[in-house]
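See below for target_4.pdb, which holds PDB, C-alpha atoms.
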ATOM      1  CA  MET W   1     -83.452 -29.456 -23.772
ATOM      2  CA  THR W   2     -86.636 -31.219 -24.853
ATOM      3  CA  ALA W   3     -87.880 -30.951 -28.423
ATOM      4  CA  MET W   4     -91.482 -29.835 -28.730
ATOM      5  CA  SER W   5     -93.702 -32.284 -30.544
ATOM      6  CA  GLU W   6     -97.091 -31.690 -32.105
ATOM      7  CA  LYS W   7     -98.614 -33.569 -29.190
ATOM      8  CA  ASN W   8     -97.590 -30.728 -26.855
ATOM      9  CA  VAL W   9     -99.200 -27.969 -28.923
ATOM     10  CA  GLU W  10    -102.772 -26.884 -28.395
ATOM     11  CA  LEU W  11    -104.275 -24.897 -31.254
ATOM     12  CA  ALA W  12    -107.047 -22.418 -30.482
ATOM     13  CA  HIS W  13    -109.008 -20.686 -33.208
ATOM     14  CA  GLY W  14    -109.785 -17.039 -32.537
ATOM     15  CA  SER W  15    -112.894 -15.129 -33.463
ATOM     16  CA  GLY W  16    -110.959 -12.725 -35.679
ATOM     17  CA  ASN W  17    -111.160 -10.090 -32.954
ATOM     18  CA  VAL W  18    -108.409 -10.474 -30.368
ATOM     19  CA  PHE W  19    -110.163  -8.022 -28.044
ATOM     20  CA  ARG W  20    -113.293 -10.221 -28.038
ATOM     21  CA  ASP W  21    -111.196 -13.338 -27.529
ATOM     22  CA  PHE W  22    -109.848 -11.807 -24.314
ATOM     23  CA  GLY W  23    -113.298 -10.718 -23.125
ATOM     24  CA  ASP W  24    -112.949  -6.954 -23.605
ATOM     25  CA  PRO W  25    -116.377  -5.307 -23.217
ATOM     26  CA  HIS W  26    -115.488  -2.780 -25.963
ATOM     27  CA  ALA W  27    -114.050  -5.364 -28.325
ATOM     28  CA  ASP W  28    -115.813  -4.278 -31.506
ATOM     29  CA  LEU W  29    -114.926  -0.606 -31.068
ATOM     30  CA  LYS W  30    -111.292  -1.416 -30.286
ATOM     31  CA  GLN W  31    -111.094  -3.736 -33.289
ATOM     32  CA  ALA W  32    -112.517  -1.037 -35.578
ATOM     33  CA  LYS W  33    -110.012   1.508 -34.243
ATOM     34  CA  ALA W  34    -107.154  -0.951 -34.733
ATOM     35  CA  VAL W  35    -108.184  -1.646 -38.332
ATOM     36  CA  LEU W  36    -108.353   2.084 -39.114
ATOM     37  CA  ALA W  37    -105.010   2.712 -37.409
ATOM     38  CA  ALA W  38    -103.437  -0.088 -39.449
ATOM     39  CA  ARG W  39    -104.759   1.484 -42.649
ATOM     40  CA  ILE W  40    -103.419   4.915 -41.625
ATOM     41  CA  ILE W  41    -100.006   3.384 -40.887
ATOM     42  CA  ALA W  42    -100.064   1.619 -44.264
ATOM     43  CA  VAL W  43    -100.723   4.944 -46.035
ATOM     44  CA  LEU W  44     -97.912   6.625 -44.085
ATOM     45  CA  ASP W  45     -95.529   3.797 -44.948
ATOM     46  CA  ASP W  46     -96.579   3.639 -48.611
ATOM     47  CA  ARG W  47     -96.009   7.375 -48.995
ATOM     48  CA  GLY W  48     -92.882   7.423 -46.828
ATOM     49  CA  LEU W  49     -94.363  10.047 -44.509
ATOM     50  CA  ALA W  50     -92.951  10.883 -41.096
ATOM     51  CA  ALA W  51     -95.268  12.241 -38.417
ATOM     52  CA  ARG W  52     -94.412  15.883 -39.135
ATOM     53  CA  GLU W  53     -94.897  15.475 -42.877
ATOM     54  CA  ALA W  54     -98.232  13.770 -42.353
ATOM     55  CA  ALA W  55     -99.240  16.559 -39.978
ATOM     56  CA  SER W  56     -98.481  19.282 -42.492
ATOM     57  CA  LEU W  57    -100.404  17.434 -45.224
ATOM     58  CA  SER W  58    -103.431  16.543 -43.132
ATOM     59  CA  GLY W  59    -103.862  19.305 -40.581
ATOM     60  CA  PHE W  60    -103.706  16.820 -37.706
ATOM     61  CA  ALA W  61    -100.980  17.069 -35.058
ATOM     62  CA  ALA W  62     -97.738  15.148 -35.469
ATOM     63  CA  THR W  63     -98.348  13.680 -32.017
ATOM     64  CA  ASP W  64    -101.559  12.121 -33.360
ATOM     65  CA  PHE W  65     -99.543  10.202 -35.939
ATOM     66  CA  SER W  66     -97.011   9.152 -33.322
ATOM     67  CA  ARG W  67     -99.811   7.828 -31.117
ATOM     68  CA  ILE W  68    -101.370   5.968 -34.031
ATOM     69  CA  ARG W  69     -98.032   4.375 -34.926
ATOM     70  CA  ASN W  70     -97.615   3.305 -31.292
ATOM     71  CA  ALA W  71    -101.165   1.875 -31.141
ATOM     72  CA  ASP W  72    -102.019   4.384 -28.415
ATOM     73  CA  LEU W  73    -105.606   4.789 -29.607
ATOM     74  CA  GLY W  74    -107.355   5.622 -26.349
ATOM     75  CA  ARG W  75    -107.613   9.336 -27.132
ATOM     76  CA  PHE W  76    -109.121   8.751 -30.566
ATOM     77  CA  THR W  77    -112.763   8.378 -31.433
ATOM     78  CA  LEU W  78    -113.693   6.187 -34.352
ATOM     79  CA  ASP W  79    -114.824   9.178 -36.391
ATOM     80  CA  ARG W  80    -111.565  11.034 -35.735
ATOM     81  CA  LEU W  81    -109.547   8.100 -37.039
ATOM     82  CA  MET W  82    -111.761   8.059 -40.131
ATOM     83  CA  LYS W  83    -111.089  11.786 -40.634
ATOM     84  CA  VAL W  84    -107.335  11.235 -40.299
ATOM     85  CA  LEU W  85    -107.480   8.473 -42.905
ATOM     86  CA  ALA W  86    -109.595  10.602 -45.250
ATOM     87  CA  ALA W  87    -107.156  13.515 -44.905
ATOM     88  CA  LEU W  88    -104.300  11.235 -45.992
ATOM     89  CA  ASP W  89    -106.123   9.197 -48.608
ATOM     90  CA  ALA W  90    -109.091  10.811 -50.333
ATOM     91  CA  ASN W  91    -109.858   7.492 -52.047
ATOM     92  CA  ALA W  92    -110.089   5.512 -48.813
ATOM     93  CA  ARG W  93    -113.278   3.568 -48.241
ATOM     94  CA  VAL W  94    -114.560   2.415 -44.889
ATOM     95  CA  THR W  95    -117.200  -0.293 -44.690
ATOM     96  CA  VAL W  96    -118.955  -1.155 -41.449
ATOM     97  CA  LYS W  97    -120.816  -4.419 -41.026
ATOM     98  CA  VAL W  98    -123.075  -4.872 -38.031
ATOM     99  CA  ASP W  99    -123.479  -8.462 -36.908
ATOM    100  CA  LEU W 100    -126.819  -8.476 -35.124
ATOM    101  CA  SER W 101    -126.274 -12.014 -33.867
ATOM    102  CA  ARG W 102    -123.622 -10.612 -31.496
ATOM    103  CA  SER W 103    -125.735  -7.662 -30.341
ATOM    104  CA  ALA W 104    -127.418  -7.521 -26.978
ATOM    105  CA  PRO W 105    -131.184  -7.979 -27.071
ATOM    106  CA  ALA W 106    -133.149  -4.751 -27.399
ATOM    107  CA  ALA W 107    -134.586  -3.316 -24.219
ATOM    108  CA  THR W 108    -138.313  -3.697 -23.874
ATOM    109  CA  SER W 109    -140.485  -1.120 -22.227
ATOM    110  CA  GLY W 110    -142.774  -2.333 -19.535
ATOM    111  CA  SER W 111    -145.929  -0.759 -18.195
ATOM    112  CA  GLY W 112    -146.073   0.476 -14.733
TER     113      GLY W 112
END

Rewrite the structure from the file as structure tokens, please.
Amino acid sequence: MTAMSEKNVELAHGSGNVFRDFGDPHADLKQAKAVLAARIIAVLDDRGLAAREAASLSGFAATDFSRIRNADLGRFTLDRLMKVLAALDANARVTVKVDLSRSAPAATSGSG
């Protein structure tokens, strides 16, 4: 067995968005959903809520909470995740920052 030395390790710095780092075309949306899901899970854990308890408190289905806990976010829109969080934590704040340097150039209209 060979010991690994620092010479064998390559360190790569990520962008802070793993979805972008892997070239996902919907990276920013997926990152936002993941951040909201993590906050929802933190509230559930802090309050010791199981899926059924969270469902009865929030009005959302227990299966929604199971999907969130399993990071199965494909069926959720960003606004729905925000509503789930708000139903669990009335004091929750969501801040969105748009980085225009990463945006695609605006379409220009041509004559013709």

*Run through the PyMOL selection byres ((chain W and resi 43-58) around 12) on the given coordinates and return the selected residues as a list in words.*
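Selection result, ordered by chain and number: Leu36, Ala37, Ala38, Arg39, Ile40, Ile41, Ala42, Gly59, Phe60, Ala61, Ala62, Thr63, Asp64, Phe65, Ser66, Arg67, Ile68, Arg69, Asn70, Lys83, Val84, Leu85, Ala86, Ala87, Leu88, Asp89, Ala90, Asn91 and Ala92 of chain W.
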
Written as a PDB file with C-alpha atoms, in the frame of the given file, which residues does the PyMOL selection byres ((chain W and resi 22-32) around 10) give for the file shown?
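Okay, this is what ended up in part04.pdb:
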ATOM      1  CA  GLY W  14    -109.785 -17.039 -32.537  1.00  0.00           C
ATOM      2  CA  GLY W  16    -110.959 -12.725 -35.679  1.00  0.00           C
ATOM      3  CA  ASN W  17    -111.160 -10.090 -32.954  1.00  0.00           C
ATOM      4  CA  VAL W  18    -108.409 -10.474 -30.368  1.00  0.00           C
ATOM      5  CA  PHE W  19    -110.163  -8.022 -28.044  1.00  0.00           C
ATOM      6  CA  ARG W  20    -113.293 -10.221 -28.038  1.00  0.00           C
ATOM      7  CA  ASP W  21    -111.196 -13.338 -27.529  1.00  0.00           C
ATOM      8  CA  LYS W  33    -110.012   1.508 -34.243  1.00  0.00           C
ATOM      9  CA  ALA W  34    -107.154  -0.951 -34.733  1.00  0.00           C
ATOM     10  CA  VAL W  35    -108.184  -1.646 -38.332  1.00  0.00           C
ATOM     11  CA  LEU W  36    -108.353   2.084 -39.114  1.00  0.00           C
ATOM     12  CA  ALA W  37    -105.010   2.712 -37.409  1.00  0.00           C
ATOM     13  CA  ALA W  38    -103.437  -0.088 -39.449  1.00  0.00           C
ATOM     14  CA  LEU W  73    -105.606   4.789 -29.607  1.00  0.00           C
ATOM     15  CA  GLY W  74    -107.355   5.622 -26.349  1.00  0.00           C
ATOM     16  CA  THR W  77    -112.763   8.378 -31.433  1.00  0.00           C
ATOM     17  CA  LEU W  78    -113.693   6.187 -34.352  1.00  0.00           C
ATOM     18  CA  LEU W  81    -109.547   8.100 -37.039  1.00  0.00           C
ATOM     19  CA  VAL W  96    -118.955  -1.155 -41.449  1.00  0.00           C
ATOM     20  CA  VAL W  98    -123.075  -4.872 -38.031  1.00  0.00           C
TER      21      VAL W  98
END

Could you give me the centre and size, in Å to one decimal, of an axis-aligned box around all listed atoms of segment 62-76 of chain W with 6 Å added on every side, as JSON?
{"center_x": -103.1, "center_y": 8.5, "center_z": -31.1, "size_x": 24.1, "size_y": 25.3, "size_z": 21.6}

*Between atom CA of Arg80 of chain W and atom CA of Lys97 of chain W, distance in Å (one decimal)*: 18.8 Å
